Amino acid sequence: MADAQTAFHAAEALLPDGWAHDVRISVADGMVVRIETDAAPQATDQRLAILLPGMPNLHSHAFQRGMAGLAETRGRGDDDFWGWREVMYRFVARLTPDHLYAIAALAYAEMLEAGFTRVGEFHYLHHDRDGAAFADPAEMSAAIAAAAGEAGIALTHLPVFYAHAGFGGTAPGAGQRRFVHDLDGFARLMERLRDTLATLPDAVLGLAPHSLRAVTPEELASLVPLTGGPIHIHVAEQVREVADCLAWSGQRPVEWLLAKLPVDRRWCFVHATHMTPAETAEMAARGVVAGLCPITEANLGDGLFPAADFLAAGGRWGIGSDSNVLIDMAEELRLFEYGQRLATRSRTVLAPPGASCGATLFAGALAGGAQALGASAGLAIGAPADFVTLDPDHPSLAGRAGDALLDGLIFAARRGAVDGVWRRGGQVVAQGRHVDRARNVARYRAALAEIIE
Ligand code: ZN
């Protein structure tokens, strides 16, 4: 992407220690090799105004971008997550590897446009349409990796182990046949993925037991040693899931995981919406990242995460676009805070006294997202040169500096404040648009025409 050696000069930049002025960043082979502050620009520098580190998107199901907005017609009775899941199963039944590639490439381009520079792909669509394994067990993962490589987003790949329809090891249903593995098959997939991801810069391989519904305790114990990387699991998203877990084990899902497994900082509990105060405190103490997906959780009617208690206990968290019904980094952060405001009838709930809410949200999601994806956080020597610029002429940023820029970005600006995005020092978004947007959209539209007849 980038030339072997290049340098950028930003009037203002958010560095790991805070805002700095006249920041010169030297990049070699895609990596940051030098950062100078209060430095004069040099003639060959690329001149930038307001520079932020790229944000990790810790939870995505890329293919679901293709069904965004298709599950908004009300059925006969009450509509909830389980009704949405039936629509998703019908959509997923038709996808080929080429369709997945086309949809994921657009989703990843849109993530970059939103200011995300790494995605955690929680990938459970493994097999062919009839449920048979592909000759290459990583065929669908390869489509994800190719889409990430083409769009230019860093990938933390989280292949999902999925074996059962419900608690207690019940047999999977027909709608789940493209997802399921036995342990030997999953171990072969993990082995193959080391090759599949080998040529993708900065790729990280973890794994993801889908949920306590889909995996038995014995299977979980066998999965953990298969990776030294991140481990993600959907947990406590739905009240029915909590009730079913209690009926099965006598414990709630988060309580069960914390009691039975060596859960630590490598783990990300995705959603963790329904927790008691004791679960909340213990999850924070163990250093587990809460994978929060506020737009999707609102869309699915999941509920609200106990954020104030979790943050007060020092809990780590990040944001994910999950169903990709709407891909927008600033809106994820805004909705996270606004949900808490509505629930508590107060303001600036997630910021400590005296602190900017926008800056607190941005820093929290950056650090927790990087931890959850096994990546470095922020602009630092030795890290990939992944960064975002804001449009200094955007009206919602006028007259702002430092943390007030983040408050403007998150609470006041519509899309358009994110101006440029660079990955490994190469520009992938200019004037708010991915450099390959037209081609991505055309290919996506052709795929959707085949899938939705
Ligand atoms: Zn999910």
# chains A, B, ... in the order shown; residues from 1 in each chain; ligands from 1
call {"tool": "select_by_dssp", "arguments": {"residues": "stretch 64-289 of chain A", "states": "alpha helix (DSSP H)", "output": "PDB file with C-alpha atoms, in the first residue's frame"}}
result
ATOM      1  CA  PHE A  81     -34.707 -11.582  18.336  1.00  0.00           C
ATOM      2  CA  TRP A  82     -35.991 -15.069  17.545  1.00  0.00           C
ATOM      3  CA  GLY A  83     -38.202 -13.798  14.704  1.00  0.00           C
ATOM      4  CA  TRP A  84     -35.247 -11.843  13.293  1.00  0.00           C
ATOM      5  CA  ARG A  85     -33.166 -15.021  13.444  1.00  0.00           C
ATOM      6  CA  GLU A  86     -35.634 -16.836  11.153  1.00  0.00           C
ATOM      7  CA  VAL A  87     -35.192 -14.100   8.513  1.00  0.00           C
ATOM      8  CA  MET A  88     -31.425 -14.431   8.891  1.00  0.00           C
ATOM      9  CA  TYR A  89     -31.597 -18.221   8.417  1.00  0.00           C
ATOM     10  CA  ARG A  90     -33.560 -17.807   5.165  1.00  0.00           C
ATOM     11  CA  PHE A  91     -31.031 -15.258   3.872  1.00  0.00           C
ATOM     12  CA  VAL A  92     -27.997 -17.315   4.842  1.00  0.00           C
ATOM     13  CA  PRO A  97     -18.617 -17.862  -1.313  1.00  0.00           C
ATOM     14  CA  ASP A  98     -18.762 -15.238  -4.093  1.00  0.00           C
ATOM     15  CA  HIS A  99     -21.847 -13.641  -2.523  1.00  0.00           C
ATOM     16  CA  LEU A 100     -20.120 -13.564   0.841  1.00  0.00           C
ATOM     17  CA  TYR A 101     -17.072 -11.935  -0.726  1.00  0.00           C
ATOM     18  CA  ALA A 102     -19.175  -9.236  -2.419  1.00  0.00           C
ATOM     19  CA  ILE A 103     -21.192  -8.433   0.699  1.00  0.00           C
ATOM     20  CA  ALA A 104     -18.204  -8.488   3.051  1.00  0.00           C
ATOM     21  CA  ALA A 105     -16.118  -6.255   0.769  1.00  0.00           C
ATOM     22  CA  LEU A 106     -18.838  -3.596   0.851  1.00  0.00           C
ATOM     23  CA  ALA A 107     -19.381  -3.974   4.606  1.00  0.00           C
ATOM     24  CA  TYR A 108     -15.644  -3.603   5.228  1.00  0.00           C
ATOM     25  CA  ALA A 109     -15.400  -0.570   2.930  1.00  0.00           C
ATOM     26  CA  GLU A 110     -18.264   1.006   4.882  1.00  0.00           C
ATOM     27  CA  MET A 111     -16.541   0.217   8.162  1.00  0.00           C
ATOM     28  CA  LEU A 112     -13.447   2.045   6.941  1.00  0.00           C
ATOM     29  CA  GLU A 113     -15.623   4.988   5.875  1.00  0.00           C
ATOM     30  CA  ALA A 114     -17.002   5.076   9.423  1.00  0.00           C
ATOM     31  CA  GLU A 139     -13.479 -21.691   1.752  1.00  0.00           C
ATOM     32  CA  MET A 140     -15.875 -19.213   3.363  1.00  0.00           C
ATOM     33  CA  SER A 141     -13.172 -17.838   5.664  1.00  0.00           C
ATOM     34  CA  ALA A 142     -11.017 -17.299   2.579  1.00  0.00           C
ATOM     35  CA  ALA A 143     -13.795 -15.134   1.103  1.00  0.00           C
ATOM     36  CA  ILE A 144     -13.777 -13.069   4.306  1.00  0.00           C
ATOM     37  CA  ALA A 145      -9.985 -12.729   4.246  1.00  0.00           C
ATOM     38  CA  ALA A 146      -9.988 -11.746   0.566  1.00  0.00           C
ATOM     39  CA  ALA A 147     -12.691  -9.130   1.182  1.00  0.00           C
ATOM     40  CA  ALA A 148     -10.756  -7.680   4.119  1.00  0.00           C
ATOM     41  CA  GLY A 149      -7.560  -7.613   2.068  1.00  0.00           C
ATOM     42  CA  GLU A 150      -9.230  -5.917  -0.863  1.00  0.00           C
ATOM     43  CA  ALA A 151     -11.074  -3.323   1.236  1.00  0.00           C
ATOM     44  CA  LEU A 183     -14.317 -30.938  17.304  1.00  0.00           C
ATOM     45  CA  ASP A 184     -12.072 -32.755  14.806  1.00  0.00           C
ATOM     46  CA  GLY A 185     -13.503 -30.818  11.881  1.00  0.00           C
ATOM     47  CA  PHE A 186     -13.055 -27.556  13.736  1.00  0.00           C
ATOM     48  CA  ALA A 187      -9.444 -28.385  14.586  1.00  0.00           C
ATOM     49  CA  ARG A 188      -8.799 -28.991  10.862  1.00  0.00           C
ATOM     50  CA  LEU A 189     -10.375 -25.612  10.061  1.00  0.00           C
ATOM     51  CA  MET A 190      -8.110 -23.886  12.596  1.00  0.00           C
ATOM     52  CA  GLU A 191      -5.075 -25.591  11.100  1.00  0.00           C
ATOM     53  CA  ARG A 192      -6.032 -24.559   7.560  1.00  0.00           C
ATOM     54  CA  LEU A 193      -6.719 -20.964   8.639  1.00  0.00           C
ATOM     55  CA  ARG A 194      -3.106 -20.423   9.594  1.00  0.00           C
ATOM     56  CA  ASP A 195      -2.306 -20.700   5.855  1.00  0.00           C
ATOM     57  CA  THR A 196      -5.399 -18.800   4.720  1.00  0.00           C
ATOM     58  CA  PRO A 217     -19.143 -27.742  28.525  1.00  0.00           C
ATOM     59  CA  GLU A 218     -16.934 -30.595  27.259  1.00  0.00           C
ATOM     60  CA  GLU A 219     -16.620 -28.965  23.838  1.00  0.00           C
ATOM     61  CA  LEU A 220     -15.809 -25.605  25.408  1.00  0.00           C
ATOM     62  CA  ALA A 221     -13.002 -27.151  27.433  1.00  0.00           C
ATOM     63  CA  SER A 222     -11.548 -28.665  24.249  1.00  0.00           C
ATOM     64  CA  LEU A 223     -11.765 -25.424  22.265  1.00  0.00           C
ATOM     65  CA  VAL A 239     -33.724 -12.941  28.717  1.00  0.00           C
ATOM     66  CA  ARG A 240     -34.937 -16.267  27.319  1.00  0.00           C
ATOM     67  CA  GLU A 241     -31.306 -17.368  27.000  1.00  0.00           C
ATOM     68  CA  VAL A 242     -30.742 -16.523  30.684  1.00  0.00           C
ATOM     69  CA  ALA A 243     -33.876 -18.439  31.702  1.00  0.00           C
ATOM     70  CA  ASP A 244     -32.880 -21.459  29.601  1.00  0.00           C
ATOM     71  CA  CYS A 245     -29.381 -21.434  31.094  1.00  0.00           C
ATOM     72  CA  LEU A 246     -30.790 -21.291  34.617  1.00  0.00           C
ATOM     73  CA  ALA A 247     -33.088 -24.210  33.837  1.00  0.00           C
ATOM     74  CA  TRP A 248     -30.173 -26.204  32.409  1.00  0.00           C
ATOM     75  CA  SER A 249     -27.454 -25.476  34.965  1.00  0.00           C
ATOM     76  CA  PRO A 253     -24.728 -17.588  31.483  1.00  0.00           C
ATOM     77  CA  VAL A 254     -22.101 -15.075  32.625  1.00  0.00           C
ATOM     78  CA  GLU A 255     -22.061 -16.622  36.104  1.00  0.00           C
ATOM     79  CA  TRP A 256     -21.551 -20.080  34.560  1.00  0.00           C
ATOM     80  CA  LEU A 257     -18.665 -18.981  32.309  1.00  0.00           C
ATOM     81  CA  LEU A 258     -16.861 -17.157  35.115  1.00  0.00           C
ATOM     82  CA  ALA A 259     -17.260 -20.144  37.451  1.00  0.00           C
ATOM     83  CA  LYS A 260     -16.357 -22.952  35.053  1.00  0.00           C
ATOM     84  CA  PRO A 277     -24.420  -6.789  40.032  1.00  0.00           C
ATOM     85  CA  ALA A 278     -22.251  -9.713  41.179  1.00  0.00           C
ATOM     86  CA  GLU A 279     -21.712 -10.941  37.599  1.00  0.00           C
ATOM     87  CA  THR A 280     -20.962  -7.386  36.455  1.00  0.00           C
ATOM     88  CA  ALA A 281     -18.323  -6.869  39.140  1.00  0.00           C
ATOM     89  CA  GLU A 282     -16.667 -10.256  38.584  1.00  0.00           C
ATOM     90  CA  MET A 283     -16.548  -9.849  34.802  1.00  0.00           C
ATOM     91  CA  ALA A 284     -14.855  -6.456  35.247  1.00  0.00           C
ATOM     92  CA  ALA A 285     -12.397  -7.855  37.789  1.00  0.00           C
TER      93      ALA A 285
END
call {"tool": "residues_near_ligand", "arguments": {"ligand": "ligand 1", "cutoff": "7 Å", "atoms": "only C-alpha atoms and all ligand atoms", "output": "PDB file with N, CA and C atoms, in the first residue's frame"}}
result
ATOM      1  N   HIS A  59     -16.941  -6.756  16.732  1.00  0.00           N
ATOM      2  CA  HIS A  59     -17.907  -7.846  16.508  1.00  0.00           C
ATOM      3  C   HIS A  59     -18.712  -7.584  15.245  1.00  0.00           C
ATOM      4  N   SER A  60     -18.476  -8.425  14.227  1.00  0.00           N
ATOM      5  CA  SER A  60     -19.208  -8.299  12.965  1.00  0.00           C
ATOM      6  C   SER A  60     -19.595  -9.667  12.445  1.00  0.00           C
ATOM      7  N   HIS A  61     -20.806  -9.727  11.850  1.00  0.00           N
ATOM      8  CA  HIS A  61     -21.177 -10.839  10.972  1.00  0.00           C
ATOM      9  C   HIS A  61     -21.373 -10.183   9.607  1.00  0.00           C
ATOM     10  N   PHE A 122     -16.767 -12.515  13.464  1.00  0.00           N
ATOM     11  CA  PHE A 122     -17.295 -13.657  14.222  1.00  0.00           C
ATOM     12  C   PHE A 122     -18.012 -14.526  13.189  1.00  0.00           C
ATOM     13  N   HIS A 234     -20.918 -15.127  22.314  1.00  0.00           N
ATOM     14  CA  HIS A 234     -22.187 -14.427  22.563  1.00  0.00           C
ATOM     15  C   HIS A 234     -22.693 -14.873  23.932  1.00  0.00           C
ATOM     16  N   ASP A 322     -21.820  -5.756  14.659  1.00  0.00           N
ATOM     17  CA  ASP A 322     -22.636  -6.965  14.798  1.00  0.00           C
ATOM     18  C   ASP A 322     -23.461  -7.279  13.550  1.00  0.00           C
ATOM     19  N   SER A 323     -24.742  -6.962  13.526  1.00  0.00           N
ATOM     20  CA  SER A 323     -25.611  -7.302  12.388  1.00  0.00           C
ATOM     21  C   SER A 323     -25.371  -6.392  11.192  1.00  0.00           C
TER      22      SER A 323
END
call {"tool": "residues_around", "arguments": {"residues": "A:His9", "least_positions_apart": "3", "cutoff": "12 Å", "atoms": "only C-alpha atoms", "output": "JSON, numbers by chain"}}
result
{"A": [6, 12, 13, 20, 21, 22, 23, 24, 25, 26, 27, 34, 35, 36, 37, 38, 39, 40, 41, 42, 43, 44, 45, 46, 47, 48, 49, 50, 51, 389]}
call {"tool": "write_last_selection", "arguments": {"atoms": "N, CA and C atoms", "output": "CSV table (one decimal), in the first residue's frame"}}
result
chain,number,residue,atom,x,y,z
A,6,THR,N,7.5,7.0,4.3
A,6,THR,CA,6.7,8.2,4.1
A,6,THR,C,6.4,8.9,5.4
A,12,GLU,N,-3.2,18.6,14.6
A,12,GLU,CA,-3.6,18.1,15.9
A,12,GLU,C,-3.7,16.6,15.8
A,13,ALA,N,-3.3,15.8,16.8
A,13,ALA,CA,-3.4,14.4,16.7
A,13,ALA,C,-3.7,13.8,18.1
A,20,ALA,N,-1.9,16.2,20.9
A,20,ALA,CA,-0.6,16.8,20.7
A,20,ALA,C,-0.7,17.7,19.4
A,21,HIS,N,0.1,18.7,19.3
A,21,HIS,CA,0.1,19.6,18.2
A,21,HIS,C,1.3,19.4,17.3
A,22,ASP,N,1.2,19.7,16.0
A,22,ASP,CA,2.3,19.6,15.0
A,22,ASP,C,3.0,18.3,15.2
A,23,VAL,N,2.2,17.2,14.9
A,23,VAL,CA,2.7,15.9,15.1
A,23,VAL,C,3.2,15.3,13.7
A,24,ARG,N,4.4,14.9,13.7
A,24,ARG,CA,5.0,14.2,12.5
A,24,ARG,C,5.1,12.7,12.8
A,25,ILE,N,4.5,12.0,11.9
A,25,ILE,CA,4.5,10.5,12.0
A,25,ILE,C,5.2,9.9,10.8
A,26,SER,N,6.3,9.2,11.0
A,26,SER,CA,7.1,8.6,10.0
A,26,SER,C,6.7,7.1,9.9
A,27,VAL,N,6.5,6.6,8.7
A,27,VAL,CA,5.9,5.3,8.4
A,27,VAL,C,6.9,4.6,7.5
A,34,ARG,N,8.3,6.5,13.8
A,34,ARG,CA,8.8,7.6,14.6
A,34,ARG,C,7.6,8.6,14.8
A,35,ILE,N,7.5,9.1,16.0
A,35,ILE,CA,6.4,10.1,16.2
A,35,ILE,C,7.1,11.3,16.9
A,36,GLU,N,7.0,12.5,16.3
A,36,GLU,CA,7.5,13.8,16.8
A,36,GLU,C,6.4,14.7,17.1
A,37,THR,N,6.4,15.4,18.2
A,37,THR,CA,5.4,16.5,18.5
A,37,THR,C,6.1,17.8,18.4
A,38,ASP,N,5.3,18.9,18.3
A,38,ASP,CA,5.8,20.3,18.1
A,38,ASP,C,6.8,20.3,17.0
A,39,ALA,N,6.6,19.6,15.9
A,39,ALA,CA,7.6,19.4,14.9
A,39,ALA,C,7.1,20.2,13.6
A,40,ALA,N,8.1,20.9,13.0
A,40,ALA,CA,7.7,21.6,11.8
A,40,ALA,C,7.5,20.6,10.6
A,41,PRO,N,6.5,20.9,9.8
A,41,PRO,CA,6.4,20.0,8.6
A,41,PRO,C,7.5,20.1,7.6
A,42,GLN,N,7.8,19.0,7.0
A,42,GLN,CA,8.9,19.0,6.0
A,42,GLN,C,8.2,19.0,4.6
A,43,ALA,N,9.0,19.3,3.6
A,43,ALA,CA,8.4,19.6,2.3
A,43,ALA,C,7.6,18.4,1.7
A,44,THR,N,8.1,17.2,2.0
A,44,THR,CA,7.5,16.0,1.4
A,44,THR,C,6.4,15.4,2.2
A,45,ASP,N,6.1,16.0,3.4
A,45,ASP,CA,5.1,15.4,4.3
A,45,ASP,C,3.7,15.5,3.7
A,46,GLN,N,2.9,14.5,3.9
A,46,GLN,CA,1.5,14.7,3.6
A,46,GLN,C,0.8,15.4,4.8
A,47,ARG,N,0.2,16.6,4.4
A,47,ARG,CA,-0.3,17.5,5.5
A,47,ARG,C,-1.7,17.1,5.8
A,48,LEU,N,-2.0,16.9,7.1
A,48,LEU,CA,-3.3,16.5,7.6
A,48,LEU,C,-3.7,17.5,8.7
A,49,ALA,N,-5.0,17.6,9.0
A,49,ALA,CA,-5.5,18.6,10.0
A,49,ALA,C,-5.7,17.9,11.3
A,50,ILE,N,-6.7,17.1,11.5
A,50,ILE,CA,-7.1,16.5,12.7
A,50,ILE,C,-7.0,15.0,12.6
A,51,LEU,N,-6.1,14.4,13.4
A,51,LEU,CA,-5.8,12.9,13.2
A,51,LEU,C,-6.2,12.1,14.4
A,389,THR,N,-8.8,10.8,9.6
A,389,THR,CA,-8.8,12.3,9.8
A,389,THR,C,-10.2,12.8,9.8
call {"tool": "closest_residue", "arguments": {"among": "A:Ala372, A:Ala272, A:Ala132, A:Leu15", "to": "A:Gly206", "atoms": "only C-alpha atoms"}}
result
A:Ala372
call {"tool": "atom_distance", "arguments": {"atom1": "atom CA of A:Val160", "atom2": "atom CA of A:Ala367"}}
result
23.9 Å
call {"tool": "closest_residue", "arguments": {"among": "A:Ala236, A:Leu335, A:Leu14, A:Leu342", "to": "A:Gln251", "atoms": "only C-alpha atoms"}}
result
A:Ala236
call {"tool": "atom_distance", "arguments": {"atom1": "atom CA of A:Ala449", "atom2": "atom CA of A:Asp79"}}
result
27.1 Å
call {"tool": "select_by_dssp", "arguments": {"residues": "stretch 128-286 of chain A", "states": "strand (DSSP E)", "output": "PyMOL selection string"}}
result
chain A and resi 154-161+204-205+208-209+231-235+267-271
call {"tool": "atom_distance", "arguments": {"atom1": "atom CA of A:Ile410", "atom2": "atom CA of A:Thr276"}}
result
29.5 Å
call {"tool": "residues_around", "arguments": {"residues": "stretch 394-403 of chain A", "least_positions_apart": "5", "cutoff": "8 Å", "atoms": "only C-alpha atoms", "output": "MDAnalysis selection string"}}
result
chainID A and resid 12 14 19 356 358:359 408:409 412:413 416:417
call {"tool": "write_last_selection", "arguments": {"atoms": "N, CA, C and O atoms", "output": "PDB file, in the first residue's frame"}}
result
ATOM      1  N   GLU A  12      -3.209  18.595  14.604  1.00  0.00           N
ATOM      2  CA  GLU A  12      -3.605  18.059  15.915  1.00  0.00           C
ATOM      3  C   GLU A  12      -3.743  16.551  15.778  1.00  0.00           C
ATOM      4  O   GLU A  12      -4.323  16.079  14.797  1.00  0.00           O
ATOM      5  N   LEU A  14      -4.501  12.790  18.162  1.00  0.00           N
ATOM      6  CA  LEU A  14      -4.766  12.106  19.437  1.00  0.00           C
ATOM      7  C   LEU A  14      -3.783  10.951  19.574  1.00  0.00           C
ATOM      8  O   LEU A  14      -3.896   9.937  18.888  1.00  0.00           O
ATOM      9  N   TRP A  19      -3.900  14.623  23.412  1.00  0.00           N
ATOM     10  CA  TRP A  19      -3.782  15.450  22.208  1.00  0.00           C
ATOM     11  C   TRP A  19      -2.408  16.095  22.120  1.00  0.00           C
ATOM     12  O   TRP A  19      -1.859  16.544  23.130  1.00  0.00           O
ATOM     13  N   SER A 356     -14.620  14.886  29.376  1.00  0.00           N
ATOM     14  CA  SER A 356     -15.434  14.880  28.159  1.00  0.00           C
ATOM     15  C   SER A 356     -16.031  13.500  27.954  1.00  0.00           C
ATOM     16  O   SER A 356     -15.326  12.484  28.007  1.00  0.00           O
ATOM     17  N   GLY A 358     -17.375  12.386  25.102  1.00  0.00           N
ATOM     18  CA  GLY A 358     -16.916  11.863  23.818  1.00  0.00           C
ATOM     19  C   GLY A 358     -15.510  11.276  23.923  1.00  0.00           C
ATOM     20  O   GLY A 358     -15.227  10.197  23.387  1.00  0.00           O
ATOM     21  N   ALA A 359     -14.616  11.993  24.610  1.00  0.00           N
ATOM     22  CA  ALA A 359     -13.236  11.503  24.733  1.00  0.00           C
ATOM     23  C   ALA A 359     -13.176  10.229  25.567  1.00  0.00           C
ATOM     24  O   ALA A 359     -12.395   9.313  25.281  1.00  0.00           O
ATOM     25  N   GLY A 408     -17.897  16.692  19.442  1.00  0.00           N
ATOM     26  CA  GLY A 408     -18.555  17.119  18.207  1.00  0.00           C
ATOM     27  C   GLY A 408     -18.772  15.950  17.262  1.00  0.00           C
ATOM     28  O   GLY A 408     -19.858  15.785  16.693  1.00  0.00           O
ATOM     29  N   LEU A 409     -17.739  15.124  17.104  1.00  0.00           N
ATOM     30  CA  LEU A 409     -17.848  13.968  16.211  1.00  0.00           C
ATOM     31  C   LEU A 409     -18.969  13.021  16.660  1.00  0.00           C
ATOM     32  O   LEU A 409     -19.766  12.562  15.857  1.00  0.00           O
ATOM     33  N   ALA A 412     -22.647  15.439  17.707  1.00  0.00           N
ATOM     34  CA  ALA A 412     -23.217  16.526  16.913  1.00  0.00           C
ATOM     35  C   ALA A 412     -23.083  16.356  15.401  1.00  0.00           C
ATOM     36  O   ALA A 412     -23.817  16.995  14.652  1.00  0.00           O
ATOM     37  N   ALA A 413     -22.149  15.526  14.953  1.00  0.00           N
ATOM     38  CA  ALA A 413     -21.911  15.447  13.510  1.00  0.00           C
ATOM     39  C   ALA A 413     -22.660  14.265  12.908  1.00  0.00           C
ATOM     40  O   ALA A 413     -22.698  13.185  13.490  1.00  0.00           O
ATOM     41  N   GLY A 416     -19.872  12.196   7.581  1.00  0.00           N
ATOM     42  CA  GLY A 416     -19.251  13.251   6.799  1.00  0.00           C
ATOM     43  C   GLY A 416     -18.144  13.932   7.578  1.00  0.00           C
ATOM     44  O   GLY A 416     -17.286  14.582   6.998  1.00  0.00           O
ATOM     45  N   ALA A 417     -18.149  13.789   8.897  1.00  0.00           N
ATOM     46  CA  ALA A 417     -17.054  14.354   9.688  1.00  0.00           C
ATOM     47  C   ALA A 417     -15.786  13.516   9.520  1.00  0.00           C
ATOM     48  O   ALA A 417     -14.680  14.045   9.582  1.00  0.00           O
TER      49      ALA A 417
END
call {"tool": "closest_residue", "arguments": {"among": "A:Asp80, A:Asp436, A:Asp407, A:Asp264", "to": "A:Thr360", "atoms": "only C-alpha atoms"}}
result
A:Asp407
call {"tool": "closest_residue", "arguments": {"among": "A:Gly250, A:Gly315, A:Pro16, A:Gly320", "to": "A:Pro294", "atoms": "only C-alpha atoms"}}
result
A:Gly320
call {"tool": "closest_residue", "arguments": {"among": "A:Gly173, A:Gly229, A:Gly115, A:Gly75", "to": "A:Gly432", "atoms": "only C-alpha atoms"}}
result
A:Gly115
call {"tool": "decode", "arguments": {"residues": "stretch 214-220 of chain A", "atoms": "all heavy atoms", "output": "short mmCIF file (atom, residue, chain, number, x, y, z; two decimals), in the first residue's frame"}}
result
data_model
loop_
_atom_site.label_atom_id
_atom_site.label_comp_id
_atom_site.auth_asym_id
_atom_site.auth_seq_id
_atom_site.Cartn_x
_atom_site.Cartn_y
_atom_site.Cartn_z
N ALA A 214 -25.00 -23.27 22.01
CA ALA A 214 -24.53 -24.01 20.84
C ALA A 214 -23.34 -24.93 21.12
O ALA A 214 -22.90 -25.65 20.23
CB ALA A 214 -24.15 -23.02 19.73
N VAL A 215 -22.84 -24.90 22.36
CA VAL A 215 -21.60 -25.61 22.70
C VAL A 215 -21.78 -26.29 24.06
O VAL A 215 -22.29 -25.66 24.99
CB VAL A 215 -20.42 -24.61 22.79
CG1 VAL A 215 -19.12 -25.32 23.06
CG2 VAL A 215 -20.32 -23.78 21.53
N THR A 216 -21.36 -27.53 24.19
CA THR A 216 -21.46 -28.19 25.50
C THR A 216 -20.24 -27.82 26.36
O THR A 216 -19.20 -27.38 25.82
CB THR A 216 -21.48 -29.72 25.35
OG1 THR A 216 -20.23 -30.14 24.79
CG2 THR A 216 -22.64 -30.18 24.46
N PRO A 217 -20.31 -28.03 27.67
CA PRO A 217 -19.14 -27.74 28.52
C PRO A 217 -17.90 -28.52 28.09
O PRO A 217 -16.79 -27.99 28.13
CB PRO A 217 -19.62 -28.17 29.92
CG PRO A 217 -21.10 -28.03 29.87
CD PRO A 217 -21.50 -28.38 28.46
N GLU A 218 -18.09 -29.78 27.67
CA GLU A 218 -16.93 -30.60 27.26
C GLU A 218 -16.30 -30.00 26.00
O GLU A 218 -15.07 -29.95 25.86
CB GLU A 218 -17.37 -32.04 26.99
CG GLU A 218 -17.91 -32.78 28.22
CD GLU A 218 -19.32 -32.33 28.64
OE1 GLU A 218 -20.08 -31.82 27.78
OE2 GLU A 218 -19.65 -32.46 29.85
N GLU A 219 -17.15 -29.58 25.06
CA GLU A 219 -16.62 -28.97 23.84
C GLU A 219 -15.89 -27.66 24.16
O GLU A 219 -14.80 -27.41 23.61
CB GLU A 219 -17.78 -28.71 22.85
CG GLU A 219 -18.29 -30.00 22.22
CD GLU A 219 -19.68 -29.87 21.62
OE1 GLU A 219 -20.39 -28.88 21.89
OE2 GLU A 219 -20.08 -30.79 20.88
N LEU A 220 -16.46 -26.87 25.03
CA LEU A 220 -15.81 -25.61 25.41
C LEU A 220 -14.41 -25.86 25.96
O LEU A 220 -13.45 -25.17 25.59
CB LEU A 220 -16.63 -24.90 26.49
CG LEU A 220 -17.44 -23.67 26.10
CD1 LEU A 220 -18.21 -23.16 27.31
CD2 LEU A 220 -16.56 -22.58 25.52
#
